[in-house]
Amino acid sequence: MKYTVTRQHLGDQQYFEGDERQVDLKQDAERLIAMGLIEENKQATAPANKQAAAPKNKTEPETATANKAAK
C-alpha cells in the first residue's frame with residue numbers, strides 16, 4: 001500500500017516529507033504511522049458526474065441537421 005511521508009527519514013532509501021512510500025507489510029506500516037513518519041494517502045475522489053451531457057444553450061441556433069429533420 002502507498003503512504004505519504006510526513007517526516008524525513010532513512011528507510012530502505014532516503015525519504016523526504018511529501019514523498020510517496022510503498023510499504024508492503026501491515027505491521028511495518030503501523031509502526032511507521034505510530035512513529036509519525038508516514039500517513040495513509042487520503043486521495044480525494046472526484047465527484048460523480050450526475051449530468052449525462054452538457055446543458056444546451058437555448059440562445060444558440062440548433063444545428064442544420066436538426067433543422068432538416070424537423071421539416
# chains A, B, ... in the order shown; residues from 1 in each chain; ligands from 1
$ residues_around --residues "Glu30 in chain A" --least-positions-apart "5" --cutoff "12 Å" --atoms "only C-alpha atoms" --output "count of residues only"
11
$ residues_around --residues "Glu20 in chain A" --least-positions-apart "3" --cutoff "8 Å" --atoms "only C-alpha atoms" --output "ChimeraX atom specification"
/A:2-5
$ atom_distance --atom1 "CA of Arg7 in chain A" --atom2 "CA of Asp19 in chain A"
9.4 Å
$ select_by_dssp --residues "range 9-44 of chain A" --states "alpha helix (DSSP H)" --output "MDAnalysis selection string"
chainID A and resid 26:34
$ write_last_selection --atoms "N, CA and C atoms" --output "mmCIF file, in the first residue's frame"
data_model
loop_
_atom_site.group_PDB
_atom_site.id
_atom_site.type_symbol
_atom_site.label_atom_id
_atom_site.label_comp_id
_atom_site.auth_asym_id
_atom_site.auth_seq_id
_atom_site.Cartn_x
_atom_site.Cartn_y
_atom_site.Cartn_z
ATOM 1 N N LYS A 26 1.784 -4.834 6.682
ATOM 2 C CA LYS A 26 0.885 -4.018 7.505
ATOM 3 C C LYS A 26 1.543 -3.654 8.840
ATOM 4 N N GLN A 27 2.294 -4.586 9.425
ATOM 5 C CA GLN A 27 2.950 -4.334 10.708
ATOM 6 C C GLN A 27 3.986 -3.215 10.578
ATOM 7 N N ASP A 28 4.741 -3.211 9.497
ATOM 8 C CA ASP A 28 5.726 -2.146 9.273
ATOM 9 C C ASP A 28 5.033 -0.796 9.118
ATOM 10 N N ALA A 29 3.938 -0.785 8.364
ATOM 11 C CA ALA A 29 3.199 0.457 8.153
ATOM 12 C C ALA A 29 2.637 0.983 9.474
ATOM 13 N N GLU A 30 2.087 0.101 10.302
ATOM 14 C CA GLU A 30 1.529 0.519 11.589
ATOM 15 C C GLU A 30 2.612 1.125 12.473
ATOM 16 N N ARG A 31 3.814 0.533 12.463
ATOM 17 C CA ARG A 31 4.918 1.046 13.272
ATOM 18 C C ARG A 31 5.364 2.423 12.782
ATOM 19 N N LEU A 32 5.453 2.584 11.452
ATOM 20 C CA LEU A 32 5.869 3.880 10.901
ATOM 21 C C LEU A 32 4.815 4.956 11.147
ATOM 22 N N ILE A 33 3.533 4.584 11.101
ATOM 23 C CA ILE A 33 2.455 5.535 11.397
ATOM 24 C C ILE A 33 2.526 5.956 12.859
ATOM 25 N N ALA A 34 2.753 4.979 13.765
ATOM 26 C CA ALA A 34 2.851 5.279 15.198
ATOM 27 C C ALA A 34 4.034 6.203 15.485
#
$ decode --residues "range 5-42 of chain A" --atoms "N, CA and C atoms" --output "tab-separated table (two decimals), in the first residue's frame"
chain	number	residue	atom	x	y	z
A	5	VAL	N	4.80	10.38	3.11
A	5	VAL	CA	5.82	10.60	4.13
A	5	VAL	C	5.54	11.95	4.80
A	6	THR	N	5.46	11.94	6.14
A	6	THR	CA	5.18	13.17	6.89
A	6	THR	C	6.45	13.77	7.50
A	7	ARG	N	7.47	12.93	7.74
A	7	ARG	CA	8.75	13.42	8.26
A	7	ARG	C	9.88	12.74	7.51
A	8	GLN	N	10.94	13.47	7.24
A	8	GLN	CA	12.10	12.91	6.56
A	8	GLN	C	12.69	11.79	7.40
A	9	HIS	N	13.01	10.68	6.75
A	9	HIS	CA	13.64	9.56	7.45
A	9	HIS	C	14.39	8.68	6.46
A	10	LEU	N	15.25	7.84	7.02
A	10	LEU	CA	16.03	6.89	6.23
A	10	LEU	C	15.44	5.51	6.46
A	11	GLY	N	14.91	4.93	5.39
A	11	GLY	CA	14.40	3.57	5.44
A	11	GLY	C	15.24	2.73	4.52
A	12	ASP	N	14.60	2.03	3.59
A	12	ASP	CA	15.37	1.31	2.58
A	12	ASP	C	16.07	2.29	1.64
A	13	GLN	N	15.61	3.55	1.67
A	13	GLN	CA	16.23	4.66	0.96
A	13	GLN	C	15.89	5.93	1.72
A	14	GLN	N	16.40	7.07	1.28
A	14	GLN	CA	16.10	8.34	1.94
A	14	GLN	C	14.72	8.83	1.50
A	15	TYR	N	13.85	9.11	2.45
A	15	TYR	CA	12.52	9.63	2.17
A	15	TYR	C	12.41	11.05	2.70
A	16	PHE	N	11.80	11.91	1.92
A	16	PHE	CA	11.61	13.30	2.31
A	16	PHE	C	10.12	13.58	2.48
A	17	GLU	N	9.81	14.60	3.26
A	17	GLU	CA	8.42	14.97	3.52
A	17	GLU	C	7.69	15.21	2.20
A	18	GLY	N	6.51	14.59	2.07
A	18	GLY	CA	5.70	14.74	0.87
A	18	GLY	C	5.92	13.63	-0.15
A	19	ASP	N	6.97	12.83	0.03
A	19	ASP	CA	7.20	11.70	-0.88
A	19	ASP	C	6.12	10.65	-0.70
A	20	GLU	N	6.03	9.76	-1.66
A	20	GLU	CA	5.11	8.62	-1.56
A	20	GLU	C	5.96	7.39	-1.30
A	21	ARG	N	5.56	6.60	-0.31
A	21	ARG	CA	6.33	5.41	0.06
A	21	ARG	C	5.45	4.18	-0.01
A	22	GLN	N	6.01	3.13	-0.59
A	22	GLN	CA	5.33	1.84	-0.69
A	22	GLN	C	5.74	0.99	0.50
A	23	VAL	N	4.76	0.53	1.30
A	23	VAL	CA	5.02	-0.35	2.43
A	23	VAL	C	4.13	-1.57	2.24
A	24	ASP	N	4.77	-2.74	2.13
A	24	ASP	CA	4.01	-3.96	1.83
A	24	ASP	C	3.46	-4.64	3.08
A	25	LEU	N	4.20	-4.64	4.17
A	25	LEU	CA	3.75	-5.31	5.39
A	25	LEU	C	2.94	-4.37	6.27
A	26	LYS	N	1.78	-4.83	6.68
A	26	LYS	CA	0.88	-4.02	7.51
A	26	LYS	C	1.54	-3.65	8.84
A	27	GLN	N	2.29	-4.59	9.43
A	27	GLN	CA	2.95	-4.33	10.71
A	27	GLN	C	3.99	-3.21	10.58
A	28	ASP	N	4.74	-3.21	9.50
A	28	ASP	CA	5.73	-2.15	9.27
A	28	ASP	C	5.03	-0.80	9.12
A	29	ALA	N	3.94	-0.78	8.36
A	29	ALA	CA	3.20	0.46	8.15
A	29	ALA	C	2.64	0.98	9.47
A	30	GLU	N	2.09	0.10	10.30
A	30	GLU	CA	1.53	0.52	11.59
A	30	GLU	C	2.61	1.13	12.47
A	31	ARG	N	3.81	0.53	12.46
A	31	ARG	CA	4.92	1.05	13.27
A	31	ARG	C	5.36	2.42	12.78
A	32	LEU	N	5.45	2.58	11.45
A	32	LEU	CA	5.87	3.88	10.90
A	32	LEU	C	4.82	4.96	11.15
A	33	ILE	N	3.53	4.58	11.10
A	33	ILE	CA	2.45	5.53	11.40
A	33	ILE	C	2.53	5.96	12.86
A	34	ALA	N	2.75	4.98	13.76
A	34	ALA	CA	2.85	5.28	15.20
A	34	ALA	C	4.03	6.20	15.48
A	35	MET	N	5.10	6.08	14.71
A	35	MET	CA	6.27	6.93	14.88
A	35	MET	C	6.07	8.30	14.24
A	36	GLY	N	5.01	8.47	13.48
A	36	GLY	CA	4.72	9.75	12.86
A	36	GLY	C	5.51	10.01	11.59
A	37	LEU	N	6.01	8.94	10.97
A	37	LEU	CA	6.83	9.10	9.77
A	37	LEU	C	6.00	9.06	8.48
A	38	ILE	N	4.89	8.33	8.50
A	38	ILE	CA	4.04	8.22	7.31
A	38	ILE	C	2.59	8.34	7.72
A	39	GLU	N	1.73	8.59	6.74
A	39	GLU	CA	0.29	8.58	6.97
A	39	GLU	C	-0.37	8.00	5.73
A	40	GLU	N	-1.57	7.48	5.90
A	40	GLU	CA	-2.28	6.89	4.78
A	40	GLU	C	-2.62	7.95	3.76
A	41	ASN	N	-2.56	7.57	2.49
A	41	ASN	CA	-2.93	8.50	1.42
A	41	ASN	C	-4.41	8.80	1.51
A	42	LYS	N	-4.72	10.06	1.50
A	42	LYS	CA	-6.13	10.48	1.52
A	42	LYS	C	-6.42	11.12	0.18
